[in-house]
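Since the structure comes first, as structure tokens, the remarks are kept for the end.
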Amino acid sequence: MSSRRIAVARDEVPFLPKQHIEREAELVLAEYADSHGAITSPPVPIDEIVDVHLKLVIEFHDMRELFPFGDVHGAIWMRDQRIGVDQSLDPSTNPRKRGRYHFTLAHEAGHWRLHRKYYLEDVAQGRLFGEDLAKPAYVCRSSDKRPVEWQADQFAASLLMPRKLVYAAWTAWRGNANAVAVTELRGAGAGSVSLTDEKLMEDFCRPLAERFQVSPEAMRIKLNDLELLVRTRADMLF
């Protein structure tokens with residue numbers, strides 16, 4: 001049905017290195033701090049940043065009803081300045097999904113901050129989507145691995161887990177700034193021998209993930225990126 005087609009966004013977004021994306025996330029945090037005070041400890045108040053600072057309306061929708069492909073967590077309506085999140089991630093009814101909810105918000109904020117000038121909505125067809133919901137400028141599928149999605153993921157990670165806060169929280173938690181290797185965790189008997197390296201690292205960093213109110217997977221990826229959690233000592237650059 002034409003009324004259920006997805007508005008097409010431009011894919012030709014320019015390459016952005018991690019450093020650029022991280023600086024943009026830091027700029028958003030600095031702008032928020034100017035009006036609301038610096039964020040000195042986790043968690044980052046992503047709801048306030050999205051709603052109050054970026055002035056984007058947050059709505060919950062049944063994404064399975066709106067989109068037939070079934071793996072949509074979020075969408076953004078650029079012209080209307082609205083973010084849609086799948087209702088299954090609503091932390092008021094499903095608090096165990098709070099980390100995924102926060103990452104979805106931050107991901108959509110990344111599209112808003114990094115990509116909105118590259119996206120055009122089909123105004124002629126945008127009046128009817130479902131019943132009274134205009135078509136989104138972009139729909140984010142969990143299986144989508146295009147560069148534009150990678151950029152939004154990198155922005156979300158930098159926004160929710162700023163490196164300064166992560167380093168400080170890691171040092172306070174561990175008692176030092178030293179990295180931890182999976183080989184050390186296995187040597188200490190942490191977890192079952194059947195656990196994959198990824199699962200073992202996620203179980204290990206779960207307390208830190210809870211402090212930042214993100215998923216263990218998101219925290220594991222961030223710690224890997226900061227080289228605080230590595231597979232072996234050989235992975236470390238020092």
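Residues are named by chain letter and number: chains run A, B, ... in the order of the structure tokens, numbers start at 1 in each chain, and ligands are numbered from 1 in the order shown.
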
Contacts of range 88-95 of chain A within 10 Å, only C-alpha atoms, excl. fewer than 2 positions in-chain, as a VMD selection string: chain A and resid 59 to 63 73 to 74 85 to 86 97 to 102 104

Non-local contacts of Thr183 in chain A (7 Å; only C-alpha atoms; under 2 positions in same chain excluded) as a count of residues only: 6

10 Å contact set for range 209-216 of chain A, only C-alpha atoms, chain neighbours under 6 positions out, as a ChimeraX atom specification: /A:41-45,96-103,157,160-161,165-166,169,198-199,201-203,222

Distance query Val230 in chain A at most 12 Å, only C-alpha atoms, self and fewer than 4 positions along chain excluded, as a PyMOL selection string: chain A and resi 178-185+197-198+200-202+204-205+220-226+234-237

For those residues, write C-alpha atoms to a file as a PDB file, in the first residue's frame.
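Contents of out33.pdb, as written:
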```pdb
ATOM      1  CA  ASN A 178      44.274  -0.505  34.355  1.00  0.00           C
ATOM      2  CA  ALA A 179      42.654  -2.424  31.546  1.00  0.00           C
ATOM      3  CA  VAL A 180      41.143  -5.874  32.113  1.00  0.00           C
ATOM      4  CA  ALA A 181      41.625  -8.746  29.665  1.00  0.00           C
ATOM      5  CA  VAL A 182      39.234 -11.613  28.989  1.00  0.00           C
ATOM      6  CA  THR A 183      42.079 -14.035  29.620  1.00  0.00           C
ATOM      7  CA  GLU A 184      42.327 -12.654  33.162  1.00  0.00           C
ATOM      8  CA  LEU A 185      38.587 -13.082  33.697  1.00  0.00           C
ATOM      9  CA  ASP A 197      34.213 -13.670  25.115  1.00  0.00           C
ATOM     10  CA  GLU A 198      31.485 -11.116  24.387  1.00  0.00           C
ATOM     11  CA  LEU A 200      31.822 -12.878  29.546  1.00  0.00           C
ATOM     12  CA  MET A 201      32.773  -9.221  29.079  1.00  0.00           C
ATOM     13  CA  GLU A 202      29.138  -8.134  29.231  1.00  0.00           C
ATOM     14  CA  PHE A 204      31.710  -8.446  33.902  1.00  0.00           C
ATOM     15  CA  CYS A 205      30.848  -4.856  32.991  1.00  0.00           C
ATOM     16  CA  ARG A 220      31.164  -3.707  26.453  1.00  0.00           C
ATOM     17  CA  ILE A 221      31.579  -2.129  23.017  1.00  0.00           C
ATOM     18  CA  LYS A 222      32.489   1.229  24.591  1.00  0.00           C
ATOM     19  CA  LEU A 223      35.046  -0.327  26.931  1.00  0.00           C
ATOM     20  CA  ASN A 224      36.534  -2.264  24.017  1.00  0.00           C
ATOM     21  CA  ASP A 225      36.805   0.987  22.066  1.00  0.00           C
ATOM     22  CA  LEU A 226      38.533   2.732  24.995  1.00  0.00           C
ATOM     23  CA  ALA A 234      48.495  -8.385  23.421  1.00  0.00           C
ATOM     24  CA  ASP A 235      45.520  -6.259  22.313  1.00  0.00           C
ATOM     25  CA  MET A 236      46.747  -3.372  24.473  1.00  0.00           C
ATOM     26  CA  LEU A 237      48.860  -0.650  22.958  1.00  0.00           C
TER      27      LEU A 237
END
```

In range 42-226 of chain A, DSSP strand (DSSP E or B) residues written as a list in words: Val57, Ile58, Glu59, Phe60, His61, Val72, His73, Gly74, Ala75, Ile76, Trp77, Arg82, Ile83, Gly84, Val85, Asp86, Tyr138, Val139, Cys140, Arg141, Val180 and Ala181 of chain A

Keeping only C-alpha atoms, take the residues you just selected and write them out as a short mmCIF file (atom, residue, chain, number, x, y, z; two decimals), in the first residue's frame.
```cif
data_model
loop_
_atom_site.label_atom_id
_atom_site.label_comp_id
_atom_site.auth_asym_id
_atom_site.auth_seq_id
_atom_site.Cartn_x
_atom_site.Cartn_y
_atom_site.Cartn_z
CA VAL A 57 9.09 15.23 20.94
CA ILE A 58 9.35 11.63 22.14
CA GLU A 59 6.49 9.31 21.26
CA PHE A 60 5.87 5.58 21.65
CA HIS A 61 4.39 3.61 18.77
CA VAL A 72 12.42 -1.32 14.01
CA HIS A 73 13.28 0.23 17.36
CA GLY A 74 13.03 3.89 16.39
CA ALA A 75 12.20 6.41 13.70
CA ILE A 76 12.54 10.16 13.29
CA TRP A 77 10.21 12.68 11.71
CA ARG A 82 9.55 13.96 16.58
CA ILE A 83 11.21 10.72 17.59
CA GLY A 84 9.21 7.53 17.63
CA VAL A 85 10.28 4.62 19.84
CA ASP A 86 8.81 1.15 19.81
CA TYR A 138 14.15 7.83 8.48
CA VAL A 139 13.40 4.43 9.96
CA CYS A 140 16.09 2.68 12.00
CA ARG A 141 16.22 -1.09 11.67
CA VAL A 180 41.14 -5.87 32.11
CA ALA A 181 41.62 -8.75 29.67
#
```
